[in-house]
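J.: Sharing data-v4.cif, mmCIF, C-alpha atoms:
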data_entry
#
loop_
_atom_site.group_PDB
_atom_site.id
_atom_site.type_symbol
_atom_site.label_atom_id
_atom_site.label_comp_id
_atom_site.auth_asym_id
_atom_site.auth_seq_id
_atom_site.Cartn_x
_atom_site.Cartn_y
_atom_site.Cartn_z
ATOM 1 C CA MET A 1 156.611 97.262 -37.628
ATOM 2 C CA ILE A 2 158.951 95.678 -40.124
ATOM 3 C CA THR A 3 162.678 96.027 -39.451
ATOM 4 C CA GLY A 4 165.279 97.403 -41.823
ATOM 5 C CA PRO A 5 167.136 94.120 -42.476
ATOM 6 C CA VAL A 6 163.856 92.269 -43.173
ATOM 7 C CA TRP A 7 162.579 94.952 -45.562
ATOM 8 C CA SER A 8 165.924 95.102 -47.330
ATOM 9 C CA LYS A 9 166.172 91.318 -47.640
ATOM 10 C CA LYS A 10 162.771 90.802 -49.258
ATOM 11 C CA LEU A 11 163.441 93.521 -51.852
ATOM 12 C CA ARG A 12 166.957 92.249 -52.553
ATOM 13 C CA GLU A 13 165.720 88.701 -53.077
ATOM 14 C CA GLU A 14 162.992 89.815 -55.484
ATOM 15 C CA ILE A 15 165.323 92.080 -57.474
ATOM 16 C CA GLY A 16 167.897 89.278 -57.499
ATOM 17 C CA LYS A 17 165.534 87.204 -59.650
ATOM 18 C CA ALA A 18 166.294 89.537 -62.546
ATOM 19 C CA VAL A 19 169.610 91.169 -61.620
ATOM 20 C CA ILE A 20 172.682 89.131 -60.725
ATOM 21 C CA GLY A 21 175.238 90.805 -58.484
ATOM 22 C CA GLN A 22 175.325 94.603 -57.983
ATOM 23 C CA GLU A 23 174.677 94.102 -54.255
ATOM 24 C CA ALA A 24 176.261 97.407 -53.227
ATOM 25 C CA THR A 25 174.323 99.333 -55.897
ATOM 26 C CA ILE A 26 171.024 97.745 -54.843
ATOM 27 C CA GLU A 27 171.707 98.697 -51.221
ATOM 28 C CA ARG A 28 172.338 102.316 -52.208
ATOM 29 C CA LEU A 29 169.104 102.417 -54.220
ATOM 30 C CA LEU A 30 167.147 101.198 -51.194
ATOM 31 C CA VAL A 31 168.877 103.802 -49.021
ATOM 32 C CA ALA A 32 167.849 106.485 -51.511
ATOM 33 C CA LEU A 33 164.225 105.316 -51.326
ATOM 34 C CA LEU A 34 164.242 105.636 -47.549
ATOM 35 C CA ALA A 35 166.027 108.997 -47.653
ATOM 36 C CA ASN A 36 163.654 110.405 -50.297
ATOM 37 C CA GLY A 37 166.503 111.035 -52.731
ATOM 38 C CA HIS A 38 167.205 110.659 -56.438
ATOM 39 C CA VAL A 39 170.019 108.555 -57.893
ATOM 40 C CA LEU A 40 172.318 108.934 -60.901
ATOM 41 C CA LEU A 41 173.683 105.626 -62.228
ATOM 42 C CA GLU A 42 176.789 105.810 -64.399
ATOM 43 C CA GLY A 43 178.235 102.842 -66.224
ATOM 44 C CA MET A 44 179.101 101.268 -69.540
ATOM 45 C CA PRO A 45 176.324 99.934 -71.790
ATOM 46 C CA GLY A 46 175.005 96.461 -71.011
ATOM 47 C CA LEU A 47 175.513 96.535 -67.247
ATOM 48 C CA ALA A 48 171.767 96.186 -66.483
ATOM 49 C CA LYS A 49 171.272 99.735 -65.203
ATOM 50 C CA THR A 50 167.846 100.030 -66.822
ATOM 51 C CA LEU A 51 166.865 96.501 -65.779
ATOM 52 C CA LEU A 52 167.915 97.241 -62.216
ATOM 53 C CA VAL A 53 165.721 100.320 -61.882
ATOM 54 C CA LYS A 54 162.784 98.634 -63.618
ATOM 55 C CA SER A 55 163.088 95.607 -61.322
ATOM 56 C CA LEU A 56 163.202 97.905 -58.307
ATOM 57 C CA GLY A 57 159.956 99.560 -59.376
ATOM 58 C CA THR A 58 158.246 96.194 -59.829
ATOM 59 C CA ALA A 59 159.455 94.817 -56.495
ATOM 60 C CA LEU A 60 158.437 98.008 -54.718
ATOM 61 C CA GLY A 61 154.956 97.837 -56.242
ATOM 62 C CA VAL A 62 154.810 101.459 -57.433
ATOM 63 C CA GLN A 63 153.930 103.119 -60.731
ATOM 64 C CA PHE A 64 156.974 103.034 -63.008
ATOM 65 C CA GLU A 65 157.633 105.159 -66.102
ATOM 66 C CA ARG A 66 160.634 105.170 -68.410
ATOM 67 C CA ILE A 67 161.672 108.232 -70.405
ATOM 68 C CA GLN A 68 164.249 107.639 -73.132
ATOM 69 C CA PHE A 69 166.189 110.897 -73.367
ATOM 70 C CA THR A 70 167.147 111.935 -76.908
ATOM 71 C CA PRO A 71 168.533 115.169 -78.441
ATOM 72 C CA ASP A 72 165.126 116.018 -79.934
ATOM 73 C CA LEU A 73 163.198 115.540 -76.689
ATOM 74 C CA LEU A 74 161.060 118.512 -75.581
ATOM 75 C CA PRO A 75 160.178 119.607 -72.022
ATOM 76 C CA SER A 76 156.517 118.911 -72.787
ATOM 77 C CA ASP A 77 157.454 115.293 -73.543
ATOM 78 C CA VAL A 78 158.533 114.977 -69.909
ATOM 79 C CA VAL A 79 156.205 117.103 -67.786
ATOM 80 C CA GLY A 80 153.189 117.409 -70.101
ATOM 81 C CA THR A 81 151.445 120.229 -71.944
ATOM 82 C CA MET A 82 148.140 122.037 -72.447
ATOM 83 C CA VAL A 83 145.764 120.369 -74.937
ATOM 84 C CA PHE A 84 142.823 122.141 -76.578
ATOM 85 C CA GLN A 85 139.435 120.440 -76.229
ATOM 86 C CA PRO A 86 137.185 121.352 -79.196
ATOM 87 C CA LYS A 87 133.997 120.277 -77.395
ATOM 88 C CA THR A 88 134.474 122.655 -74.484
ATOM 89 C CA GLY A 89 136.697 125.255 -76.170
ATOM 90 C CA GLU A 90 139.127 125.066 -73.236
ATOM 91 C CA PHE A 91 142.710 124.021 -72.711
ATOM 92 C CA VAL A 92 143.254 121.162 -70.256
ATOM 93 C CA SER A 93 146.464 119.804 -68.788
ATOM 94 C CA HIS A 94 147.828 116.641 -70.312
ATOM 95 C CA ARG A 95 150.214 115.069 -67.807
ATOM 96 C CA GLY A 96 153.501 113.636 -68.989
ATOM 97 C CA PRO A 97 155.365 110.514 -67.837
ATOM 98 C CA ILE A 98 156.917 112.444 -64.946
ATOM 99 C CA PHE A 99 153.672 111.783 -63.047
ATOM 100 C CA ALA A 100 154.762 108.428 -61.668
ATOM 101 C CA ASN A 101 156.270 107.160 -58.441
ATOM 102 C CA LEU A 102 159.516 105.940 -59.974
ATOM 103 C CA VAL A 103 160.760 107.654 -63.139
ATOM 104 C CA LEU A 104 163.680 106.217 -65.072
ATOM 105 C CA ALA A 105 165.498 108.928 -67.039
ATOM 106 C CA ASP A 106 167.401 106.668 -69.409
ATOM 107 C CA GLU A 107 170.612 108.159 -70.864
ATOM 108 C CA ILE A 108 169.786 111.477 -69.245
ATOM 109 C CA ASN A 109 172.841 113.232 -70.692
ATOM 110 C CA ARG A 110 171.488 112.877 -74.255
ATOM 111 C CA ALA A 111 168.885 115.638 -73.801
ATOM 112 C CA PRO A 112 169.713 119.378 -74.134
ATOM 113 C CA ALA A 113 169.648 121.914 -71.321
ATOM 114 C CA LYS A 114 166.018 122.942 -71.908
ATOM 115 C CA VAL A 115 164.816 119.436 -71.106
ATOM 116 C CA GLN A 116 167.169 119.122 -68.148
ATOM 117 C CA SER A 117 165.759 122.317 -66.652
ATOM 118 C CA ALA A 118 162.267 120.813 -66.831
ATOM 119 C CA LEU A 119 163.386 118.241 -64.275
ATOM 120 C CA LEU A 120 164.744 120.717 -61.727
ATOM 121 C CA GLU A 121 161.391 121.684 -60.231
ATOM 122 C CA ALA A 122 160.194 118.085 -60.198
ATOM 123 C CA MET A 123 163.316 116.776 -58.456
ATOM 124 C CA GLN A 124 163.486 119.485 -55.798
ATOM 125 C CA GLU A 125 159.892 120.547 -55.090
ATOM 126 C CA ARG A 126 158.134 117.341 -56.195
ATOM 127 C CA GLN A 127 155.833 119.371 -58.421
ATOM 128 C CA VAL A 128 155.627 120.591 -62.021
ATOM 129 C CA THR A 129 154.100 123.659 -63.631
ATOM 130 C CA ILE A 130 151.998 123.223 -66.778
ATOM 131 C CA GLY A 131 150.331 126.237 -68.374
ATOM 132 C CA GLY A 132 150.842 128.350 -65.264
ATOM 133 C CA GLN A 133 149.222 125.744 -63.004
ATOM 134 C CA THR A 134 151.202 123.819 -60.382
ATOM 135 C CA HIS A 135 150.563 120.091 -60.116
ATOM 136 C CA PRO A 136 151.943 118.022 -57.227
ATOM 137 C CA LEU A 137 153.657 114.778 -58.128
ATOM 138 C CA PRO A 138 152.555 111.478 -56.576
ATOM 139 C CA LYS A 139 154.091 110.265 -53.335
ATOM 140 C CA PRO A 140 156.581 108.711 -53.168
ATOM 141 C CA PHE A 141 158.435 110.222 -56.132
ATOM 142 C CA PHE A 142 161.931 109.371 -57.336
ATOM 143 C CA VAL A 143 164.045 110.075 -60.394
ATOM 144 C CA MET A 144 166.655 107.453 -61.184
ATOM 145 C CA ALA A 145 168.805 108.389 -64.146
ATOM 146 C CA THR A 146 171.407 106.514 -66.167
ATOM 147 C CA GLN A 147 174.260 107.811 -68.271
ATOM 148 C CA ASN A 148 177.152 106.462 -70.323
ATOM 149 C CA PRO A 149 180.529 107.813 -69.121
ATOM 150 C CA VAL A 150 182.493 107.327 -72.354
ATOM 151 C CA GLU A 151 180.189 108.156 -75.249
ATOM 152 C CA GLN A 152 180.501 111.856 -76.094
ATOM 153 C CA GLU A 153 178.768 112.221 -79.479
ATOM 154 C CA GLY A 154 175.251 113.572 -79.094
ATOM 155 C CA THR A 155 175.538 114.066 -75.335
ATOM 156 C CA TYR A 156 175.291 117.132 -73.103
ATOM 157 C CA PRO A 157 177.013 117.474 -69.707
ATOM 158 C CA LEU A 158 174.522 117.694 -66.871
ATOM 159 C CA PRO A 159 174.445 121.161 -65.240
ATOM 160 C CA GLU A 160 175.767 121.402 -61.706
ATOM 161 C CA ALA A 161 172.353 122.561 -60.469
ATOM 162 C CA GLN A 162 170.905 119.250 -61.592
ATOM 163 C CA THR A 163 173.649 116.875 -60.466
ATOM 164 C CA ASP A 164 173.515 118.473 -57.022
ATOM 165 C CA ARG A 165 169.890 117.358 -56.748
ATOM 166 C CA PHE A 166 170.886 113.694 -56.919
ATOM 167 C CA LEU A 167 171.389 112.112 -53.513
ATOM 168 C CA PHE A 168 173.887 109.581 -54.891
ATOM 169 C CA LYS A 169 175.977 109.146 -57.987
ATOM 170 C CA LEU A 170 176.672 105.435 -58.265
ATOM 171 C CA ILE A 171 179.320 103.878 -60.491
ATOM 172 C CA VAL A 172 178.084 100.574 -61.924
ATOM 173 C CA ASP A 173 181.025 98.275 -62.617
ATOM 174 C CA TYR A 174 181.440 95.087 -64.640
ATOM 175 C CA PRO A 175 180.236 91.828 -63.033
ATOM 176 C CA SER A 176 182.635 89.196 -61.755
ATOM 177 C CA SER A 177 183.435 86.075 -63.768
ATOM 178 C CA ASP A 178 181.054 83.927 -61.699
ATOM 179 C CA GLU A 179 178.245 86.490 -61.980
ATOM 180 C CA GLU A 180 178.676 86.762 -65.733
ATOM 181 C CA SER A 181 178.579 82.979 -65.998
ATOM 182 C CA GLN A 182 175.286 82.946 -64.080
ATOM 183 C CA MET A 183 173.917 85.546 -66.488
ATOM 184 C CA MET A 184 174.689 83.301 -69.441
ATOM 185 C CA GLN A 185 172.910 80.354 -67.832
ATOM 186 C CA ARG A 186 169.877 82.376 -66.750
ATOM 187 C CA TRP A 187 169.361 84.781 -69.641
ATOM 188 C CA GLY A 188 170.452 82.335 -72.322
ATOM 189 C CA GLN A 189 167.015 80.688 -72.036
ATOM 190 C CA VAL A 190 164.681 83.033 -73.871
ATOM 191 C CA THR A 191 161.529 81.171 -72.806
ATOM 192 C CA LYS A 192 162.291 81.363 -69.091
ATOM 193 C CA GLN A 193 162.479 85.035 -68.261
ATOM 194 C CA PRO A 194 162.005 85.766 -64.532
ATOM 195 C CA GLU A 195 158.741 87.316 -63.402
ATOM 196 C CA LEU A 196 158.977 89.707 -60.465
ATOM 197 C CA LEU A 197 156.210 90.307 -57.948
ATOM 198 C CA PRO A 198 155.589 93.348 -55.745
ATOM 199 C CA VAL A 199 156.795 92.627 -52.207
ATOM 200 C CA SER A 200 156.342 96.145 -50.814
ATOM 201 C CA SER A 201 154.330 99.274 -51.573
ATOM 202 C CA GLY A 202 154.608 103.018 -51.700
ATOM 203 C CA GLU A 203 152.494 103.292 -48.559
ATOM 204 C CA GLU A 204 154.828 100.954 -46.692
ATOM 205 C CA LEU A 205 157.850 102.954 -47.825
ATOM 206 C CA LEU A 206 156.324 106.219 -46.597
ATOM 207 C CA SER A 207 155.563 104.650 -43.215
ATOM 208 C CA LEU A 208 159.102 103.282 -42.894
ATOM 209 C CA ARG A 209 160.537 106.780 -43.170
ATOM 210 C CA THR A 210 159.131 107.554 -39.725
ATOM 211 C CA GLU A 211 161.280 104.709 -38.384
ATOM 212 C CA VAL A 212 164.337 106.116 -40.162
ATOM 213 C CA ASP A 213 163.716 109.472 -38.478
ATOM 214 C CA LYS A 214 164.101 107.749 -35.093
ATOM 215 C CA VAL A 215 167.740 106.833 -35.790
ATOM 216 C CA HIS A 216 169.939 108.873 -33.454
ATOM 217 C CA VAL A 217 172.628 111.177 -34.813
ATOM 218 C CA ALA A 218 174.987 112.403 -32.099
ATOM 219 C CA PRO A 219 176.170 116.037 -32.182
ATOM 220 C CA ALA A 220 179.705 114.761 -32.734
ATOM 221 C CA MET A 221 178.529 112.893 -35.824
ATOM 222 C CA GLN A 222 176.820 115.999 -37.173
ATOM 223 C CA GLY A 223 180.076 117.853 -36.700
ATOM 224 C CA TYR A 224 181.942 115.072 -38.517
ATOM 225 C CA MET A 225 179.615 115.307 -41.521
ATOM 226 C CA LEU A 226 180.001 119.077 -41.636
ATOM 227 C CA ALA A 227 183.775 118.770 -41.390
ATOM 228 C CA LEU A 228 183.870 116.438 -44.400
ATOM 229 C CA VAL A 229 181.727 118.732 -46.545
ATOM 230 C CA ARG A 230 183.477 121.922 -45.514
ATOM 231 C CA ALA A 231 186.857 120.309 -46.174
ATOM 232 C CA THR A 232 185.948 120.054 -49.858
ATOM 233 C CA ARG A 233 185.278 123.797 -49.895
ATOM 234 C CA ALA A 234 188.628 124.444 -48.222
ATOM 235 C CA LEU A 235 190.326 122.480 -50.996
ATOM 236 C CA ALA A 236 188.647 124.722 -53.563
ATOM 237 C CA ALA A 237 189.338 128.007 -51.796
ATOM 238 C CA ASP A 238 192.967 128.803 -51.000
ATOM 239 C CA PRO A 239 195.850 126.386 -51.689
ATOM 240 C CA SER A 240 197.310 127.338 -48.319
ATOM 241 C CA THR A 241 194.299 125.725 -46.612
ATOM 242 C CA GLN A 242 194.847 122.352 -48.271
ATOM 243 C CA LEU A 243 194.449 119.327 -46.035
ATOM 244 C CA GLU A 244 197.563 117.875 -47.638
ATOM 245 C CA PRO A 245 200.758 119.953 -47.275
ATOM 246 C CA ASN A 246 202.148 121.402 -50.504
ATOM 247 C CA ALA A 247 199.247 119.946 -52.495
ATOM 248 C CA ARG A 248 198.016 121.638 -55.633
ATOM 249 C CA ARG A 249 194.561 123.062 -55.971
ATOM 250 C CA HIS A 250 192.470 120.110 -57.135
ATOM 251 C CA LEU A 251 188.943 121.535 -56.880
ATOM 252 C CA SER A 252 187.356 124.547 -58.536
ATOM 253 C CA PHE A 253 184.366 124.355 -56.169
ATOM 254 C CA GLY A 254 183.371 122.228 -53.196
ATOM 255 C CA ALA A 255 180.192 120.505 -52.073
ATOM 256 C CA SER A 256 177.035 122.503 -51.376
ATOM 257 C CA PRO A 257 174.874 122.352 -48.216
ATOM 258 C CA ARG A 258 172.807 119.686 -49.975
ATOM 259 C CA ALA A 259 175.791 117.392 -49.397
ATOM 260 C CA SER A 260 175.518 117.884 -45.629
ATOM 261 C CA LEU A 261 171.807 117.098 -45.734
ATOM 262 C CA ALA A 262 172.445 114.093 -47.972
ATOM 263 C CA LEU A 263 175.057 112.677 -45.590
ATOM 264 C CA TYR A 264 172.691 113.189 -42.664
ATOM 265 C CA GLN A 265 169.655 111.595 -44.343
ATOM 266 C CA ALA A 266 171.455 108.755 -46.101
ATOM 267 C CA SER A 267 173.512 107.706 -43.066
ATOM 268 C CA ARG A 268 170.341 107.409 -40.970
ATOM 269 C CA ALA A 269 168.642 105.361 -43.666
ATOM 270 C CA LEU A 270 171.679 103.091 -44.023
ATOM 271 C CA ALA A 271 171.871 102.627 -40.243
ATOM 272 C CA TRP A 272 168.179 101.651 -40.030
ATOM 273 C CA MET A 273 168.466 99.269 -42.966
ATOM 274 C CA ARG A 274 171.399 97.528 -41.271
ATOM 275 C CA GLY A 275 169.524 97.225 -37.989
ATOM 276 C CA GLN A 276 171.292 99.993 -36.057
ATOM 277 C CA ASP A 277 169.576 102.735 -34.062
ATOM 278 C CA PHE A 278 172.422 105.258 -34.295
ATOM 279 C CA VAL A 279 174.810 106.617 -36.922
ATOM 280 C CA SER A 280 178.456 105.615 -36.592
ATOM 281 C CA PRO A 281 181.524 107.098 -38.334
ATOM 282 C CA SER A 282 181.943 103.939 -40.419
ATOM 283 C CA LEU A 283 178.477 104.422 -41.929
ATOM 284 C CA VAL A 284 179.278 108.005 -42.909
ATOM 285 C CA GLN A 285 182.592 106.915 -44.419
ATOM 286 C CA ASP A 286 180.786 104.145 -46.290
ATOM 287 C CA ILE A 287 178.471 106.512 -48.185
ATOM 288 C CA ALA A 288 180.638 109.657 -48.329
ATOM 289 C CA THR A 289 182.036 108.951 -51.797
ATOM 290 C CA ASP A 290 178.615 108.280 -53.333
ATOM 291 C CA VAL A 291 177.286 111.509 -51.817
ATOM 292 C CA LEU A 292 180.218 113.783 -52.668
ATOM 293 C CA ARG A 293 181.720 112.572 -55.972
ATOM 294 C CA HIS A 294 179.275 114.526 -58.169
ATOM 295 C CA ARG A 295 179.110 117.679 -56.042
ATOM 296 C CA MET A 296 182.677 118.893 -56.635
ATOM 297 C CA GLY A 297 184.389 120.411 -59.662
ATOM 298 C CA LEU A 298 187.908 119.376 -60.639
ATOM 299 C CA THR A 299 190.432 121.901 -61.905
ATOM 300 C CA TYR A 300 192.077 121.440 -65.294
ATOM 301 C CA GLU A 301 195.366 120.659 -63.524
ATOM 302 C CA ALA A 302 193.719 117.865 -61.528
ATOM 303 C CA GLU A 303 192.171 116.326 -64.631
ATOM 304 C CA ALA A 304 195.539 116.471 -66.391
ATOM 305 C CA GLU A 305 197.094 114.585 -63.481
ATOM 306 C CA ASN A 306 194.287 111.971 -63.525
ATOM 307 C CA ILE A 307 193.004 113.149 -60.153
ATOM 308 C CA THR A 308 189.364 112.081 -59.705
ATOM 309 C CA THR A 309 186.766 113.296 -57.241
ATOM 310 C CA ASP A 310 186.866 109.833 -55.655
ATOM 311 C CA LYS A 311 190.547 110.365 -54.862
ATOM 312 C CA VAL A 312 189.771 113.785 -53.390
ATOM 313 C CA VAL A 313 187.052 112.298 -51.161
ATOM 314 C CA ALA A 314 189.486 109.575 -50.036
ATOM 315 C CA MET A 315 192.012 112.264 -49.095
ATOM 316 C CA VAL A 316 189.362 114.209 -47.172
ATOM 317 C CA LEU A 317 188.295 111.089 -45.281
ATOM 318 C CA ASP A 318 191.905 110.290 -44.460
ATOM 319 C CA LYS A 319 192.738 113.777 -43.152
ATOM 320 C CA THR A 320 189.516 114.565 -41.244
ATOM 321 C CA PRO A 321 189.611 113.505 -37.552
ATOM 322 C CA VAL A 322 187.077 110.809 -36.683
ATOM 323 C CA PRO A 323 184.985 111.523 -33.576
ATOM 324 C CA ARG A 324 184.807 109.088 -30.688
ATOM 325 C CA LEU A 325 181.296 108.133 -29.667
#
What would you get if you wrote out this structure as C-alpha cells?
T.:
Amino acid sequence: MITGPVWSKKLREEIGKAVIGQEATIERLLVALLANGHVLLEGMPGLAKTLLVKSLGTALGVQFERIQFTPDLLPSDVVGTMVFQPKTGEFVSHRGPIFANLVLADEINRAPAKVQSALLEAMQERQVTIGGQTHPLPKPFFVMATQNPVEQEGTYPLPEAQTDRFLFKLIVDYPSSDEESQMMQRWGQVTKQPELLPVSSGEELLSLRTEVDKVHVAPAMQGYMLALVRATRALAADPSTQLEPNARRHLSFGASPRASLALYQASRALAWMRGQDFVSPSLVQDIATDVLRHRMGLTYEAEAENITTDKVVAMVLDKTPVPRL
C-alpha cells in the first residue's frame, strides 16, 4: 500500500508543473480529498485558483467539470432538469455538470440563493433530486469553489448553511517575488504550456481512505478538538464566559458540530499524509484556522475594530490548554 508522503509527493510534483508555489494550499486540498470534504478558495483575481483546481483534477485522474457561476444561473443549469422526449412521450432526466468527481464552482458568490440551495443536497448527501427522483453522485465527489473577497457588485454572500458544508476555507495569497519571476519565465512562452498527466485515480483515493481511518486519535485529542470548538460558542454566548478577561463579545455565533467532525477527519488525513500514525496537538493547531474561520459570525463591534475570525481562532488556540500525550 502506498504511503501518505509518497502519494502526496507524486501529486504535488504533477500539479507543480502548472502551478508555482501555493504549497500550503495544495497540501490542504489533498487533505480535503482524503477527508472527503469540500473546499472554498478565497483570493484576489489572477492567483491561479481555477488553474490549481483544474490541475488537481487532471493529476488525480478523475472527471472534472467547471461551472461558471453568474447572476442569471438557474438551479437546473447545475443539477440538471427533466427533458421531454417526443418519440416516447416521456420526460427523462438530463444530468447537469454536478455529475462529476471534481466540480469547480467558479466565483460561487455570483449566483443567487436559489442556485446556492441547489448545491446543499449535493454537498451534504452526495445526491441530487431531479423531477422527484433521487440520483446518487459519482464517487468520489468534491466541490471546490472560488470567490473574490473584494468585489461586491453582482455578488451574493454565501448562506451560513452552505459555508458550514465546506471542510476548509483557504485564503490564497500573492506569490513571492521568486515565484512570480518563475511564472514570467514559464508562462511567458505561449507555445510551451505544461501538459499534466494523471498520476492517481479515484479508486486509489477511495482505497487510501481506509488507511486514513487507521490513524489513532487519543481520547485526550478528541477532548482538545471539542474544547476548541466549544470555546467559539462560549465567545458567542455570554461576555462573562470570554476566554480573555474583560474582552468584548466578538462572535454572534460559534462553530457547529460539523467543525468538530472536520477537525477530527482532517487531522487524521494530515497525519497520514505526513507519515504519522497518530494525531498530535500540533496537527490540530495547524489546521484549526482553516476549519473554523468560516464557521463563526463576527459581531458588528468586532468588524468595526478590525477583528477577524482568524484572530479569534488564534485567541482560542492560545487560551485552550494543550493535552499531553
J.: Starting from the shown file, work through the PyMOL selection byres ((chain A and resi 146) around 6) and note down what comes out as JSON, numbers by chain.
T.: {"A": [40, 41, 42, 106, 107, 145, 147]}
J.: Would you list the residues near (179.2, 113.8, -50.2) (no more than 9 Å away, in the coordinates of the file, using all atoms listed in the file) as a PyMOL selection string?
T.: chain A and resi 167-168+225+228-229+255+258-260+262-263+287-296+313
J.: So, counting only C-alpha atoms, which residue among A:Leu283, A:Ala122, A:Leu30, A:Met273 is closest to Leu52 in chain A?
T.: A:Leu30
J.: Translate the PyMOL selection byres ((chain A and resi 65) around 10), as applied to the file shown, into an explicit residue set as number ranges by chain.
T.: A: 54, 57, 62-64, 66-68, 96-105, 143
J.: For Val39 in chain A, which residue among A:Tyr264, A:Phe278, A:Phe141, A:Tyr174 is the nearest when counting all atoms listed in the file?
T.: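 Of all the options, A:Phe141 lies closest to Val39 in chain A.
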J.: Can you tell me, as a list in words, what residues are no more than 10 Å from Glu203 in chain A when counting all atoms listed in the file, ignoring any on the same chain fewer than 4 positions away?
T.: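 After dropping sequence-adjacent residues, the list is Gly61, Val62, Lys139, Pro140, Ser207 and Leu208 of chain A.
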J.: I need the chosen residues saved as a CSV table (one decimal), keeping the file's coordinate frame, with C-alpha atoms.
T.:
chain,number,residue,atom,x,y,z
A,61,GLY,CA,155.0,97.8,-56.2
A,62,VAL,CA,154.8,101.5,-57.4
A,139,LYS,CA,154.1,110.3,-53.3
A,140,PRO,CA,156.6,108.7,-53.2
A,207,SER,CA,155.6,104.6,-43.2
A,208,LEU,CA,159.1,103.3,-42.9
J.: Could you check how far CA of Leu56 in chain A sits from CA of Met184 in chain A, in Å to one decimal?
T.: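 Distance between the two atoms: 21.7 Å.
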J.: Find the residue from A:Thr129, A:Gln265, A:Thr50, A:Ser181 that sits nearest to Thr81 in chain A; use all atoms listed in the file when measuring.
T.: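 For Thr81 in chain A, the nearest of the candidates is A:Thr129.
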J.: So which residues get picked by the PyMOL selection byres ((chain A and resi 3) around 8) here, written as an mmCIF file with C-alpha atoms, in the coordinates of the input?
T.:
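Contents of the output file result_9.cif:
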data_model
loop_
_atom_site.group_PDB
_atom_site.id
_atom_site.type_symbol
_atom_site.label_atom_id
_atom_site.label_comp_id
_atom_site.auth_asym_id
_atom_site.auth_seq_id
_atom_site.Cartn_x
_atom_site.Cartn_y
_atom_site.Cartn_z
ATOM 1 C CA MET A 1 156.611 97.262 -37.628
ATOM 2 C CA ILE A 2 158.951 95.678 -40.124
ATOM 3 C CA GLY A 4 165.279 97.403 -41.823
ATOM 4 C CA PRO A 5 167.136 94.120 -42.476
ATOM 5 C CA VAL A 6 163.856 92.269 -43.173
ATOM 6 C CA TRP A 7 162.579 94.952 -45.562
ATOM 7 C CA TRP A 272 168.179 101.651 -40.030
ATOM 8 C CA MET A 273 168.466 99.269 -42.966
ATOM 9 C CA GLY A 275 169.524 97.225 -37.989
#
J.: What is the CA of Leu137 in chain A-CA of Met123 in chain A distance in Å, reported with one decimal?
T.: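 It comes out at 9.9 Å.
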J.: If I take CA of Gln285 in chain A and CA of Leu317 in chain A, how far is one from the other in Å, to one decimal?
T.: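 If I compute the distance from CA of Gln285 in chain A to CA of Leu317 in chain A, I get 7.1 Å.
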J.: Generate the missing atoms of range 255-268 of chain A up to N, CA and C atoms and report them as an mmCIF file, in the frame of the given file.
T.:
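What landed in result_32.cif:
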data_model
loop_
_atom_site.group_PDB
_atom_site.id
_atom_site.type_symbol
_atom_site.label_atom_id
_atom_site.label_comp_id
_atom_site.auth_asym_id
_atom_site.auth_seq_id
_atom_site.Cartn_x
_atom_site.Cartn_y
_atom_site.Cartn_z
ATOM 1 N N ALA A 255 181.555 121.005 -52.204
ATOM 2 C CA ALA A 255 180.192 120.505 -52.073
ATOM 3 C C ALA A 255 179.286 121.554 -51.446
ATOM 4 N N SER A 256 178.029 121.539 -51.853
ATOM 5 C CA SER A 256 177.035 122.503 -51.376
ATOM 6 C C SER A 256 176.406 121.998 -50.067
ATOM 7 N N PRO A 257 175.579 122.824 -49.423
ATOM 8 C CA PRO A 257 174.874 122.352 -48.216
ATOM 9 C C PRO A 257 173.985 121.147 -48.451
ATOM 10 N N ARG A 258 173.572 120.907 -49.703
ATOM 11 C CA ARG A 258 172.807 119.686 -49.975
ATOM 12 C C ARG A 258 173.618 118.441 -49.637
ATOM 13 N N ALA A 259 174.938 118.536 -49.734
ATOM 14 C CA ALA A 259 175.791 117.392 -49.397
ATOM 15 C C ALA A 259 175.695 117.073 -47.910
ATOM 16 N N SER A 260 175.662 118.109 -47.073
ATOM 17 C CA SER A 260 175.518 117.884 -45.629
ATOM 18 C C SER A 260 174.187 117.206 -45.318
ATOM 19 N N LEU A 261 173.120 117.707 -45.941
ATOM 20 C CA LEU A 261 171.807 117.098 -45.734
ATOM 21 C C LEU A 261 171.777 115.667 -46.259
ATOM 22 N N ALA A 262 172.431 115.436 -47.399
ATOM 23 C CA ALA A 262 172.445 114.093 -47.972
ATOM 24 C C ALA A 262 173.187 113.116 -47.069
ATOM 25 N N LEU A 263 174.329 113.537 -46.523
ATOM 26 C CA LEU A 263 175.057 112.677 -45.590
ATOM 27 C C LEU A 263 174.210 112.362 -44.368
ATOM 28 N N TYR A 264 173.519 113.363 -43.861
ATOM 29 C CA TYR A 264 172.691 113.189 -42.664
ATOM 30 C C TYR A 264 171.551 112.213 -42.941
ATOM 31 N N GLN A 265 170.818 112.429 -44.037
ATOM 32 C CA GLN A 265 169.655 111.595 -44.343
ATOM 33 C C GLN A 265 170.061 110.180 -44.735
ATOM 34 N N ALA A 266 171.064 110.066 -45.596
ATOM 35 C CA ALA A 266 171.455 108.755 -46.101
ATOM 36 C C ALA A 266 172.093 107.894 -45.023
ATOM 37 N N SER A 267 172.875 108.498 -44.131
ATOM 38 C CA SER A 267 173.512 107.706 -43.066
ATOM 39 C C SER A 267 172.470 107.154 -42.099
ATOM 40 N N ARG A 268 171.415 107.922 -41.825
ATOM 41 C CA ARG A 268 170.341 107.409 -40.970
ATOM 42 C C ARG A 268 169.605 106.262 -41.652
#
